[in-house]
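Okay, final11.txt is below, compact mmCIF, C-alpha atoms:
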# COMPACT_ATOMS: atom_id res chain seq x y z
CA MET A 875 -25.46 -2.06 -16.60
CA LYS A 876 -22.13 -0.54 -17.62
CA THR A 877 -19.09 -0.62 -15.32
CA VAL A 878 -15.88 1.25 -16.13
CA PHE A 879 -12.70 -0.23 -14.67
CA ILE A 880 -9.94 2.37 -14.42
CA ASN A 881 -6.42 1.02 -14.05
CA CYS A 882 -4.49 3.92 -12.46
CA SER A 883 -1.06 2.32 -12.26
CA PRO A 884 1.61 4.52 -13.86
CA LYS A 885 3.39 1.36 -15.05
CA LYS A 886 2.86 0.28 -18.65
CA ARG A 887 2.64 -3.48 -18.00
CA PHE A 888 2.78 -6.22 -15.35
CA CYS A 889 1.24 -3.92 -12.76
CA ALA A 890 -0.53 -5.26 -9.68
CA SER A 891 -3.52 -2.95 -10.24
CA ALA A 892 -4.25 -4.65 -13.59
CA TYR A 893 -4.13 -8.05 -11.90
CA PHE A 894 -6.60 -7.10 -9.16
CA LEU A 895 -8.93 -5.36 -11.61
CA ALA A 896 -8.89 -8.49 -13.81
CA LEU A 897 -9.91 -10.54 -10.75
CA GLN A 898 -12.60 -7.99 -9.84
CA LYS A 899 -14.04 -8.18 -13.36
CA LEU A 900 -14.63 -11.93 -12.90
CA PHE A 901 -17.29 -11.11 -10.31
CA VAL A 902 -19.09 -8.31 -12.18
CA GLY A 903 -21.66 -8.81 -14.94
CA GLY A 904 -23.04 -6.53 -17.64
CA LYS A 905 -21.03 -4.36 -20.00
CA LYS A 906 -17.44 -3.95 -18.83
CA VAL A 907 -15.03 -1.32 -20.14
CA THR A 908 -11.40 -1.09 -19.03
CA GLU A 909 -9.41 2.13 -19.27
CA LYS A 910 -5.82 3.04 -18.43
CA LEU A 911 -5.06 6.26 -16.57
CA ARG A 912 -1.40 7.25 -16.83
CA THR A 913 -1.27 10.80 -18.19
CA PRO A 914 -3.59 13.84 -18.65
CA ALA A 915 -4.01 12.71 -22.27
CA ASP A 916 -6.15 9.85 -20.92
CA HIS A 917 -8.61 12.09 -19.04
CA ALA A 918 -11.08 13.05 -21.78
CA ARG A 919 -11.41 9.48 -23.08
CA ILE A 920 -12.15 8.06 -19.62
CA LEU A 921 -14.61 10.83 -18.74
CA GLU A 922 -16.58 10.09 -21.91
CA GLN A 923 -16.83 6.45 -20.86
CA LEU A 924 -18.24 7.54 -17.49
CA ARG A 925 -21.06 9.52 -19.10
CA ASP A 926 -23.41 6.50 -19.43
CA ALA A 927 -21.86 4.24 -16.77
CA GLN A 928 -23.66 3.06 -13.65
CA ALA A 929 -20.49 2.13 -11.76
CA ALA A 930 -16.77 2.92 -11.82
CA VAL A 931 -14.03 0.84 -10.22
CA PHE A 932 -10.65 2.48 -9.60
CA GLY A 933 -7.69 0.12 -9.35
CA LEU A 934 -4.61 1.87 -8.00
CA PRO A 935 -1.46 1.57 -5.91
CA LEU A 936 -0.99 3.35 -2.57
CA TYR A 937 1.64 6.11 -2.78
CA VAL A 938 2.95 7.72 0.43
CA ASP A 939 -0.16 6.72 2.43
CA GLY A 940 -2.48 8.20 -0.19
CA ILE A 941 -3.63 8.63 -3.76
CA PRO A 942 -0.91 9.01 -6.44
CA SER A 943 -0.62 12.58 -7.74
CA HIS A 944 -1.58 11.75 -11.34
CA VAL A 945 -4.86 10.26 -10.04
CA LEU A 946 -5.55 13.36 -7.92
CA ARG A 947 -5.27 15.49 -11.07
CA PHE A 948 -7.84 13.25 -12.76
CA LEU A 949 -10.21 13.34 -9.78
CA GLU A 950 -10.22 17.16 -9.83
CA GLU A 951 -11.27 17.09 -13.47
CA MET A 952 -13.75 14.28 -12.88
CA GLU A 953 -15.43 16.24 -10.07
CA THR A 954 -16.14 19.13 -12.43
CA PHE A 955 -17.25 16.77 -15.23
CA CYS A 956 -19.67 14.86 -12.97
CA LYS A 957 -21.24 18.06 -11.62
CA GLN A 958 -21.64 19.61 -15.07
CA ASN A 959 -23.18 16.48 -16.58
CA GLY A 960 -25.29 15.30 -13.64
CA ILE A 961 -23.49 11.97 -13.39
CA SER A 962 -24.56 9.81 -10.46
CA LEU A 963 -22.67 6.54 -10.67
CA ASN A 964 -21.48 4.29 -7.83
CA LEU A 965 -17.75 4.38 -7.20
CA TYR A 966 -15.64 1.49 -5.87
CA VAL A 967 -11.91 1.22 -5.20
CA VAL A 968 -9.43 -1.68 -5.34
CA ALA A 969 -6.23 -0.36 -3.78
CA ASN A 970 -3.00 -2.22 -3.18
CA ASN A 971 0.20 -1.45 -1.35
CA GLY A 972 3.67 -2.98 -1.18
CA PHE A 973 3.61 -3.35 2.60
CA ILE A 974 1.81 -6.41 3.92
CA GLU A 975 -0.97 -4.67 5.86
CA GLY A 976 -3.94 -3.87 3.59
CA ARG A 977 -5.19 -1.55 6.34
CA GLN A 978 -2.49 0.95 5.35
CA ASN A 979 -4.89 1.94 2.51
CA GLU A 980 -7.33 3.53 4.99
CA GLY A 981 -6.31 7.16 4.24
CA LEU A 982 -6.70 6.56 0.50
CA MET A 983 -10.19 5.13 1.03
CA GLN A 984 -11.24 8.10 3.15
CA SER A 985 -10.14 10.53 0.43
CA PHE A 986 -12.14 8.67 -2.23
CA GLU A 987 -15.17 8.88 0.04
CA HIS A 988 -14.68 12.66 0.37
CA PHE A 989 -14.25 12.89 -3.41
CA CYS A 990 -17.61 11.15 -3.93
CA ALA A 991 -19.32 13.58 -1.55
CA ARG A 992 -17.95 16.59 -3.45
CA ALA A 993 -18.63 15.17 -6.91
CA GLY A 994 -22.19 14.04 -6.12
CA LEU A 995 -21.36 10.35 -6.60
CA THR A 996 -22.31 7.36 -4.45
CA TRP A 997 -19.45 5.91 -2.46
CA GLY A 998 -19.67 2.14 -2.81
CA GLY A 999 -16.62 1.15 -0.75
CA GLY A 1000 -13.37 -0.57 -1.49
CA VAL A 1001 -10.91 -3.39 -0.88
CA GLY A 1002 -7.41 -2.55 0.39
CA ILE A 1003 -4.85 -5.23 -0.40
CA GLY A 1004 -1.50 -5.66 1.36
CA GLY A 1005 1.43 -7.32 -0.40
CA GLY A 1006 0.17 -6.23 -3.83
CA VAL A 1007 3.52 -6.56 -5.60
CA MET A 1008 4.11 -10.06 -4.27
CA LEU A 1009 0.57 -11.18 -5.14
CA ASN A 1010 1.17 -9.88 -8.64
CA VAL A 1011 4.25 -12.11 -8.79
CA THR A 1012 2.04 -15.14 -7.97
CA ARG A 1013 0.21 -14.75 -11.28
CA ILE A 1014 3.54 -14.77 -13.11
CA LEU A 1015 4.59 -17.87 -11.15
CA PHE A 1016 1.30 -19.53 -12.12
CA LEU A 1017 2.02 -18.90 -15.81
CA VAL A 1018 5.52 -20.36 -15.33
CA ASP A 1019 3.94 -23.44 -13.73
CA VAL A 1020 1.56 -23.84 -16.68
CA GLY A 1021 4.53 -23.55 -19.07
CA LEU A 1022 6.48 -26.19 -17.15
CA LEU A 1023 3.48 -28.52 -17.17
CA LEU A 1024 3.11 -28.18 -20.94
CA LEU A 1025 6.84 -28.75 -21.44
CA ASN A 1026 6.83 -31.86 -19.24
CA THR A 1027 3.75 -33.19 -21.05
CA LEU A 1028 5.43 -32.65 -24.42
CA LEU A 1029 8.66 -34.35 -23.30
CA SER A 1030 6.70 -37.24 -21.81
CA ALA A 1031 4.70 -37.66 -25.03
CA VAL A 1032 7.83 -37.65 -27.20
CA ASN A 1033 9.89 -39.95 -24.97
CA THR A 1034 7.29 -42.44 -23.68
CA GLY A 1035 4.06 -41.71 -25.53
CA ASN A 1036 2.40 -40.86 -22.18
CA LEU A 1037 0.20 -37.74 -22.49
CA PHE A 1038 -0.52 -37.58 -18.75
CA PRO A 1039 2.76 -37.49 -16.78
CA LYS A 1040 1.46 -38.01 -13.25
CA ASP A 1041 4.40 -36.46 -11.36
CA ALA A 1042 4.26 -33.28 -13.45
CA TRP A 1043 0.54 -32.89 -12.78
CA ILE A 1044 0.97 -33.47 -9.04
CA SER A 1045 3.72 -30.88 -8.92
CA PHE A 1046 1.57 -28.42 -10.89
CA GLY A 1047 -1.41 -29.05 -8.61
CA GLU A 1048 0.65 -28.48 -5.47
CA ASN A 1049 2.11 -25.21 -6.78
CA ALA A 1050 -1.24 -23.95 -8.06
CA ALA A 1051 -2.92 -24.74 -4.73
CA LEU A 1052 -0.22 -22.81 -2.85
CA LEU A 1053 -0.55 -19.77 -5.13
CA LEU A 1054 -4.33 -19.92 -4.81
CA TYR A 1055 -4.00 -20.01 -1.01
CA PHE A 1056 -1.89 -16.81 -1.05
CA ASN A 1057 -4.72 -15.10 -3.00
CA LEU A 1058 -7.70 -16.46 -1.02
CA GLY A 1059 -8.31 -13.31 1.06
CA VAL A 1060 -8.22 -11.14 -2.05
CA LEU A 1061 -10.57 -13.44 -3.97
CA PHE A 1062 -13.06 -13.54 -1.09
CA TYR A 1063 -13.30 -9.77 -0.68
CA LEU A 1064 -13.31 -9.04 -4.43
CA ALA A 1065 -16.12 -11.59 -4.91
CA ARG A 1066 -18.01 -9.92 -2.08
CA MET A 1067 -17.54 -6.45 -3.58
CA GLY A 1068 -18.44 -7.81 -7.03
CA GLY A 1069 -21.85 -8.74 -5.64
CA ALA A 1070 -22.28 -5.20 -4.33
CA ILE A 1071 -21.25 -3.70 -7.70
CA ARG A 1072 -23.83 -5.88 -9.49
CA ARG A 1073 -26.54 -4.66 -7.11
CA ARG A 1074 -25.15 -1.08 -7.08
CA ALA A 1075 -25.03 -1.47 -3.30
CA PHE A 1076 -22.68 -0.30 -0.56
CA SER A 1077 -19.86 -2.73 0.09
CA GLY A 1078 -17.95 -0.99 2.91
CA LYS A 1079 -14.18 -0.80 3.35
CA LYS A 1080 -12.47 -4.16 3.66
CA TYR A 1081 -8.80 -4.91 4.12
CA THR A 1082 -6.93 -8.07 3.28
CA ARG A 1083 -3.41 -9.24 2.38
CA ILE A 1084 -1.29 -11.99 0.96
CA LEU A 1085 -1.79 -14.92 3.31
CA ILE A 1086 1.69 -15.39 4.72
CA PRO A 1087 3.22 -14.27 8.07
CA SER A 1088 4.58 -10.72 7.95
CA PHE A 1089 8.13 -11.68 9.06
CA VAL A 1090 8.34 -14.14 6.15
CA PHE A 1091 6.97 -11.45 3.83
CA ILE A 1092 9.59 -8.93 4.98
CA LEU A 1093 12.36 -11.48 4.46
CA PHE A 1094 11.19 -12.16 0.89
CA ALA A 1095 10.72 -8.44 0.19
CA ASP A 1096 14.30 -7.72 1.31
CA ILE A 1097 15.67 -10.57 -0.81
CA PHE A 1098 13.60 -9.32 -3.77
CA PHE A 1099 15.10 -5.83 -3.53
CA ILE A 1100 18.64 -7.15 -3.06
CA ILE A 1101 18.34 -9.23 -6.25
CA ILE A 1102 16.76 -6.38 -8.27
CA SER A 1103 19.37 -3.91 -6.98
CA LEU A 1104 22.13 -6.35 -7.87
CA PHE A 1105 20.93 -6.62 -11.47
CA GLU A 1106 20.17 -2.91 -11.85
CA GLY A 1107 23.46 -1.88 -10.26
CA GLY A 1108 22.10 0.19 -7.38
CA LEU A 1109 23.83 -2.14 -4.92
CA PHE A 1110 27.18 -0.71 -6.09
CA ARG A 1111 26.12 2.95 -6.29
CA GLY A 1112 25.82 3.84 -2.60
CA TRP A 1113 22.78 1.68 -2.04
CA LEU A 1114 22.08 2.78 1.55
CA ALA A 1115 24.31 5.89 1.67
CA ARG A 1116 23.17 9.26 3.01
CA LYS A 1117 23.71 11.10 -0.25
CA GLN A 1118 23.90 14.91 -0.40
CA PRO A 1119 22.12 17.04 -3.02
CA GLU A 1120 24.49 17.95 -5.86
CA LYS A 1121 23.12 21.49 -6.19
CA MET B 404 17.58 21.51 8.64
CA LYS B 405 14.13 23.02 8.22
CA VAL B 406 12.43 22.46 4.84
CA ILE B 407 9.17 23.91 3.52
CA ILE B 408 7.16 22.40 0.66
CA HIS B 409 4.36 24.68 -0.52
CA ASP B 410 1.89 25.07 -3.38
CA LEU B 411 1.38 28.84 -3.11
CA ASP B 412 2.25 31.30 -5.85
CA SER B 413 5.48 33.29 -6.10
CA GLN B 414 4.25 36.19 -3.92
CA TYR B 415 4.88 33.98 -0.88
CA ALA B 416 8.41 32.99 -1.92
CA GLY B 417 10.16 35.62 0.24
CA MET B 418 8.18 34.68 3.35
CA MET B 419 8.99 31.00 2.86
CA GLU B 420 12.69 31.55 2.25
CA ALA B 421 13.01 33.69 5.37
CA ALA B 422 11.46 30.97 7.52
CA CYS B 423 13.60 27.95 6.65
CA ASP B 424 16.82 26.53 5.20
CA ARG B 425 15.32 25.15 1.98
CA VAL B 426 12.10 25.79 0.06
CA ILE B 427 10.57 23.36 -2.42
CA ALA B 428 8.01 25.17 -4.57
CA ALA B 429 5.36 22.65 -5.61
CA ASP B 430 4.57 24.41 -8.87
CA GLY B 431 3.63 21.35 -10.89
CA LYS B 432 6.45 21.80 -13.42
CA TYR B 433 7.63 18.22 -13.07
CA ALA B 434 6.56 14.68 -13.90
CA PRO B 435 4.62 12.30 -11.64
CA CYS B 436 6.29 9.24 -10.09
CA GLN B 437 6.38 6.26 -12.47
CA GLY B 438 6.58 3.63 -9.71
CA CYS B 439 9.80 2.14 -11.13
CA PHE B 440 11.66 1.85 -7.75
CA GLY B 441 14.79 3.06 -9.56
CA CYS B 442 15.47 5.48 -6.67
CA TRP B 443 16.04 2.35 -4.56
CA THR B 444 17.40 -0.21 -6.99
CA LYS B 445 19.20 1.56 -9.84
CA HIS B 446 20.36 5.04 -8.85
CA PRO B 447 19.84 5.21 -5.07
CA ALA B 448 18.43 8.50 -3.71
CA GLU B 449 17.80 10.05 -7.09
CA CYS B 450 15.05 9.86 -9.68
CA ARG B 451 15.69 8.77 -13.27
CA MET B 452 13.60 11.75 -14.45
CA LYS B 453 15.92 14.73 -14.62
CA ASP B 454 13.55 17.57 -13.78
CA THR B 455 13.48 19.80 -10.69
CA LEU B 456 12.61 16.83 -8.46
CA HIS B 457 15.57 14.74 -9.66
CA GLN B 458 17.19 14.73 -6.18
CA VAL B 459 14.32 16.01 -4.04
CA CYS B 460 14.46 12.93 -1.80
CA ARG B 461 17.92 14.03 -0.58
CA ILE B 462 16.47 17.35 0.63
CA VAL B 463 13.27 15.93 2.14
CA GLY B 464 15.24 13.11 3.75
CA GLN B 465 17.52 15.54 5.59
CA ALA B 466 14.69 17.71 6.91
CA ASP B 467 14.68 17.56 10.69
CA GLU B 468 11.60 19.77 10.53
CA LEU B 469 9.37 19.45 7.47
CA VAL B 470 6.61 21.98 6.93
CA ILE B 471 4.07 21.25 4.19
CA VAL B 472 1.74 24.02 3.08
CA THR B 473 -1.01 22.54 0.92
CA LYS B 474 -4.44 23.22 -0.44
CA ASN B 475 -7.02 20.66 0.70
CA LEU B 476 -8.10 18.14 -1.90
CA TYR B 477 -10.52 15.53 -0.49
CA GLY B 478 -8.47 15.30 2.73
CA GLU B 479 -5.37 14.75 0.58
CA TYR B 480 -2.49 17.02 -0.37
CA SER B 481 -2.94 19.06 -3.52
CA ALA B 482 -1.79 17.20 -6.64
CA ASN B 483 1.31 19.41 -6.94
CA VAL B 484 2.40 18.76 -3.34
CA LYS B 485 1.57 15.05 -3.52
CA ASN B 486 3.68 14.84 -6.68
CA VAL B 487 6.70 16.10 -4.70
CA LEU B 488 6.10 13.58 -1.89
CA ASP B 489 5.60 10.68 -4.34
CA ARG B 490 8.93 11.51 -5.97
CA ALA B 491 10.72 11.65 -2.59
CA ILE B 492 10.46 8.00 -1.52
CA GLY B 493 14.19 7.59 -2.10
CA SER B 494 14.60 9.23 1.32
CA SER B 495 13.96 5.73 2.63
CA THR B 496 15.75 2.53 1.65
CA PRO B 497 14.29 -0.59 0.01
CA PHE B 498 14.79 -2.54 3.27
CA SER B 499 11.76 -3.09 5.47
CA THR B 500 11.28 -2.98 9.22
CA TYR B 501 8.50 -2.68 11.82
CA ARG B 502 7.48 0.79 13.06
CA GLY B 503 4.30 1.25 15.08
CA ARG B 504 3.71 -2.53 14.73
CA GLN B 505 3.44 -2.18 10.97
CA MET B 506 5.76 -2.74 8.05
CA HIS B 507 7.65 0.33 6.82
CA HIS B 508 10.89 1.06 4.99
CA THR B 509 14.05 1.87 6.93
CA LEU B 510 15.12 5.51 6.83
CA ARG B 511 18.12 6.52 4.71
CA TYR B 512 18.73 9.70 6.73
CA GLY B 513 17.51 8.57 10.17
CA LYS B 514 14.69 9.97 12.28
CA HIS B 515 13.26 13.50 12.12
CA SER B 516 11.65 15.66 14.78
CA LEU B 517 8.57 17.48 13.42
CA LEU B 518 6.15 17.11 10.51
CA LYS B 519 3.89 20.17 10.31
CA LEU B 520 0.99 20.34 7.88
CA ILE B 521 -0.65 23.68 7.15
CA VAL B 522 -3.83 23.16 5.15
CA TRP B 523 -5.61 25.96 3.33
CA GLY B 524 -8.75 26.16 1.22
CA ASP B 525 -12.33 24.97 1.59
CA ILE B 526 -12.49 21.93 3.88
CA THR B 527 -15.18 19.81 5.57
CA GLU B 528 -15.00 18.35 9.09
CA GLY B 529 -14.59 14.88 7.58
CA GLU B 530 -11.65 16.03 5.46
CA LYS B 531 -10.06 17.63 8.53
CA ALA B 532 -10.30 14.30 10.35
CA THR B 533 -8.67 12.57 7.38
CA PHE B 534 -5.84 15.13 7.36
CA ARG B 535 -5.16 14.50 11.06
CA PHE B 536 -5.11 10.77 10.34
CA ARG B 537 -2.85 11.35 7.31
CA ALA B 538 -0.37 13.40 9.33
CA GLU B 539 -0.02 10.58 11.87
CA ARG B 540 0.41 8.02 9.10
CA ASN B 541 3.01 10.10 7.24
CA ALA B 542 4.90 10.80 10.48
CA LEU B 543 5.07 7.08 11.25
CA ASN B 544 5.99 6.13 7.70
CA ASP B 545 8.75 8.75 7.38
CA GLY B 546 10.10 8.53 10.93
CA PHE B 547 8.97 11.85 12.44
CA GLU B 548 8.73 12.00 16.24
CA ARG B 549 5.58 14.11 16.13
CA ALA B 550 3.09 15.66 13.75
CA GLU B 551 1.02 18.84 13.83
CA VAL B 552 -1.87 19.87 11.58
CA HIS B 553 -3.12 23.45 11.25
CA PHE B 554 -6.10 24.56 9.16
CA VAL B 555 -6.04 28.16 7.97
CA LYS B 556 -9.06 30.05 6.68
CA ASP B 557 -6.98 32.92 5.45
CA LEU B 558 -3.40 32.85 4.17
CA THR B 559 -2.59 35.89 6.35
CA GLU B 560 -2.43 33.37 9.24
CA LEU B 561 0.42 31.59 7.49
CA GLU B 562 3.39 33.67 8.63
CA ALA B 563 2.79 32.95 12.32
CA LEU B 564 2.57 29.20 11.66
CA ILE B 565 5.62 28.56 9.49

So that I can check it, write out the structure of this file as structure tokens.
Amino acid sequence: MKTVFINCSPKKRFCASAYFLALQKLFVGGKKVTEKLRTPADHARILEQLRDAQAAVFGLPLYVDGIPSHVLRFLEEMETFCKQNGISLNLYVVANNGFIEGRQNEGLMQSFEHFCARAGLTWGGGVGIGGGVMLNVTRILFLVDVGLLLLNTLLSAVNTGNLFPKDAWISFGENAALLLYFNLGVLFYLARMGGAIRRRAFSGKKYTRILIPSFVFILFADIFFIIISLFEGGLFRGWLARKQPEK
Amino acid sequence: MKVIIHDLDSQYAGMMEAACDRVIAADGKYAPCQGCFGCWTKHPAECRMKDTLHQVCRIVGQADELVIVTKNLYGEYSANVKNVLDRAIGSSTPFSTYRGRQMHHTLRYGKHSLLKLIVWGDITEGEKATFRFRAERNALNDGFERAEVHFVKDLTELEALI
């Protein structure tokens, strides 16, 4: 069985969609192909991959309560391609949004279901993930933790000859467990949908989120944007001002 | 201010201009959003891409009444119209708040009165239901007091609705 994973994030790297698709791939067997959809130049290559695929998994961010415009352009072309070539694969979606409620992806899921009906494909369902950006940060924090553990082990080995610094490992274990906890809802529903993809079965629409209280999430999101705006300079360029059009 | 976003060809330009203060022609001659958040964090309320949508968020944000004329695409806006909306998120700020018991961004230009969607083209009952749902979601997200959705079979019905 061949499954095509389509990363629809317009960002070149470190995008949340790539993270969630990588997790989804852990739970799917058979031949796996990953494609990036950023511009119309990507369309023909991805459509060719779909020709002999049994399943396709779209990974994408929620934009303005719906599907990003560059993905809509691809879907229009894909509808024609599927009809002309008699393609009948199962389609699944892993959507993520910056707000904490994964349920805000409902409109996006409905549109993918309508797309499947028009293109003659089988709607397999999807997982909508809230707090996508922050969950993506957890994977970066995990890599930082691994780096710190290696550094501490190296320093311990050089200074004392001890290759197993206990405190460093405890600290790493605590941090890793916390990051894993934040991702538990996502892992559960992606594992569940992975089973459905393997069986080419219907998975339904499921919504989950980063596992922290929303008021804590909002506080961290605000701090995140203050720090980014400070470094990028927006904080000093009329950050919250009601600016008028220049023309 | 009343603003119309539409994806119709130039023969409707006069009708649109007569019905509002500002028209945004969704003609597709612009780039899609790159998801960089620069319109919040680097150059507030403007996009780094200097095409016709460079400052579109400042127009959309000040629309007390926003009328969107769009072809149906799977219960979504047409790609050209959605492109305009994706590039207009600078009409909000990066700060978050609760609206309708859900997390949303605070509004740079305050609340608006009416979001009116006029949908044309072939459409199923399921897609109509999704459009009604979408209108409510967009109205909540962008701070509109109410939303209307109209489905037109023929574009001759348009003039009475805008």

When you look at stretch 529-544 of chain B with a cut-off of 9 Å (counting only C-alpha atoms), what residues show up, excluding the ones that are within fewer than 4 positions of it in the same chain? I need them as a ChimeraX atom specification. /A:938-940,978,981,984-985,988 /B:475-480,502-503,506-508,515,517-520,522,548-552,554

Rank nothing, just name the residue among A:Gly1035, A:Leu936, A:Met1008, A:Ile1100 nearest to A:Glu980, using all atoms listed in the file. A:Leu936

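Proximity to A:Leu1109 at 8 Å, evaluated using all atoms listed in the file and with sequence-adjacent residues fewer than 4 positions away removed, yields Ile1100, Ser1103, Leu1104 and Trp1113 of chain A; Thr444 and Lys445 of chain B.
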
Which chain A residues have any atom within 6 Å of an atom of chain B, and for each, what is the nearest pair of atoms with distance in Å to one decimal, counting only C-alpha atoms, rows sorted by chain and number, as a Markdown table?
| residue | atom | partner | partner_atom | distance |
| --- | --- | --- | --- | --- |
| A:Pro884 | CA | B:Gln437 | CA | 5.3 |
| A:Ser943 | CA | B:Ala482 | CA | 4.9 |
| A:Leu946 | CA | B:Ala482 | CA | 5.5 |
| A:Arg947 | CA | B:Ala482 | CA | 5.9 |
| A:Phe973 | CA | B:Met506 | CA | 5.9 |
| A:Ser985 | CA | B:Tyr477 | CA | 5.1 |
| A:His988 | CA | B:Tyr477 | CA | 5.1 |
| A:Phe989 | CA | B:Tyr477 | CA | 5.4 |
| A:Asp1096 | CA | B:Phe498 | CA | 5.6 |
| A:Ser1103 | CA | B:Thr444 | CA | 4.2 |
| A:Glu1106 | CA | B:Lys445 | CA | 5.0 |
| A:Gly1107 | CA | B:Lys445 | CA | 5.5 |
| A:Gly1108 | CA | B:Lys445 | CA | 4.0 |
| A:Trp1113 | CA | B:Pro447 | CA | 5.5 |
| A:Arg1116 | CA | B:Tyr512 | CA | 5.8 |
| A:Pro1119 | CA | B:Arg461 | CA | 5.7 |

With only C-alpha atoms as the counted atoms, please give the residues lying no more than 9 Å from stretch 555-564 of chain B, apart from itself and same-chain residues fewer than 6 positions off, as JSON, numbers by chain. {"B": [418, 419, 422, 472, 521, 522, 523, 524, 525]}

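Across the model, the gap from atom CA of B:Ala428 to atom CA of A:Glu987 is 28.7 Å.
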
Applying 10 Å and all atoms listed in the file, which residues near A:Ile1086 remain after dropping the ones on its own chain fewer than 2 positions away? List them as a list in words. Ile974, Gly1005, Tyr1055, Phe1056, Arg1083, Ile1084, Ser1088, Phe1089, Val1090 and Phe1091 of chain A

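Taking atom CA of B:Leu411 and atom CA of A:Thr954 as the two end points, the separation is 22.1 Å.
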
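The spacing separating atom CA of B:Ile427 from atom CA of B:Ser516 amounts to 18.9 Å.
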
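Near (-20.2, 2.1, -0.5), the residues inside the 6 Å limit, counting all atoms listed in the file, come to Trp997, Gly998, Gly999, Phe1076, Ser1077 and Gly1078 of chain A.
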
Please, could you write that set of residues out with C-alpha atoms as an mmCIF file, in the coordinates of the input?
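Ended up saving to again_3.cif:
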data_model
loop_
_atom_site.group_PDB
_atom_site.id
_atom_site.type_symbol
_atom_site.label_atom_id
_atom_site.label_comp_id
_atom_site.auth_asym_id
_atom_site.auth_seq_id
_atom_site.Cartn_x
_atom_site.Cartn_y
_atom_site.Cartn_z
ATOM 1 C CA TRP A 997 -19.450 5.910 -2.460
ATOM 2 C CA GLY A 998 -19.670 2.140 -2.810
ATOM 3 C CA GLY A 999 -16.620 1.150 -0.750
ATOM 4 C CA PHE A 1076 -22.680 -0.300 -0.560
ATOM 5 C CA SER A 1077 -19.860 -2.730 0.090
ATOM 6 C CA GLY A 1078 -17.950 -0.990 2.910
#

Excluding A:Val945 and residues on its chain fewer than 6 positions from it, collect all residues at most 10 Å away from it, counting all atoms listed in the file, and give them as an NGL selection string. (:A and (882-884 or 911-914 or 917 or 932 or 934 or 951)) or (:B and (435 or 482))

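Between A:Gly1002 and the residues A:Pro1039, A:Gly933, A:Gly1068, A:Gly976, the shortest atom-to-atom distance, using all atoms listed in the file, involves A:Gly976.
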
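Every polymer residue reaching to within 10 Å of (-20.4, 10.4, -9.6), counting all atoms listed in the file, appears in this list: Leu924, Arg925, Ala927, Gln928, Ala929, Ala930, Met952, Glu953, Phe955, Cys956, Lys957, Asn959, Gly960, Ile961, Ser962, Leu963, Asn964, Leu965, Phe989, Cys990, Ala991, Arg992, Ala993, Gly994, Leu995, Thr996 and Trp997 of chain A.
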
With N, CA and C atoms as the goal, would you fill in the gaps in stretch 1044-1055 of chain A and present it as a short mmCIF file (atom, residue, chain, number, x, y, z; two decimals), in the coordinates of the input?
data_model
loop_
_atom_site.label_atom_id
_atom_site.label_comp_id
_atom_site.auth_asym_id
_atom_site.auth_seq_id
_atom_site.Cartn_x
_atom_site.Cartn_y
_atom_site.Cartn_z
N ILE A 1044 1.00 -33.62 -10.51
CA ILE A 1044 0.97 -33.47 -9.04
C ILE A 1044 1.74 -32.22 -8.63
N SER A 1045 2.91 -32.06 -9.23
CA SER A 1045 3.72 -30.88 -8.92
C SER A 1045 2.98 -29.59 -9.29
N PHE A 1046 2.34 -29.60 -10.46
CA PHE A 1046 1.57 -28.42 -10.89
C PHE A 1046 0.42 -28.15 -9.92
N GLY A 1047 -0.27 -29.21 -9.52
CA GLY A 1047 -1.41 -29.05 -8.61
C GLY A 1047 -0.99 -28.49 -7.27
N GLU A 1048 0.15 -28.98 -6.76
CA GLU A 1048 0.65 -28.48 -5.47
C GLU A 1048 0.99 -27.00 -5.56
N ASN A 1049 1.71 -26.62 -6.62
CA ASN A 1049 2.11 -25.21 -6.78
C ASN A 1049 0.89 -24.31 -6.97
N ALA A 1050 -0.05 -24.76 -7.79
CA ALA A 1050 -1.24 -23.95 -8.06
C ALA A 1050 -2.07 -23.77 -6.79
N ALA A 1051 -2.15 -24.83 -5.98
CA ALA A 1051 -2.92 -24.74 -4.73
C ALA A 1051 -2.28 -23.74 -3.77
N LEU A 1052 -0.94 -23.75 -3.73
CA LEU A 1052 -0.22 -22.81 -2.85
C LEU A 1052 -0.45 -21.36 -3.30
N LEU A 1053 -0.35 -21.14 -4.61
CA LEU A 1053 -0.55 -19.77 -5.13
C LEU A 1053 -2.00 -19.33 -4.90
N LEU A 1054 -2.93 -20.25 -5.06
CA LEU A 1054 -4.33 -19.92 -4.81
C LEU A 1054 -4.53 -19.55 -3.34
N TYR A 1055 -3.87 -20.29 -2.45
CA TYR A 1055 -4.00 -20.01 -1.01
C TYR A 1055 -3.52 -18.58 -0.71
#
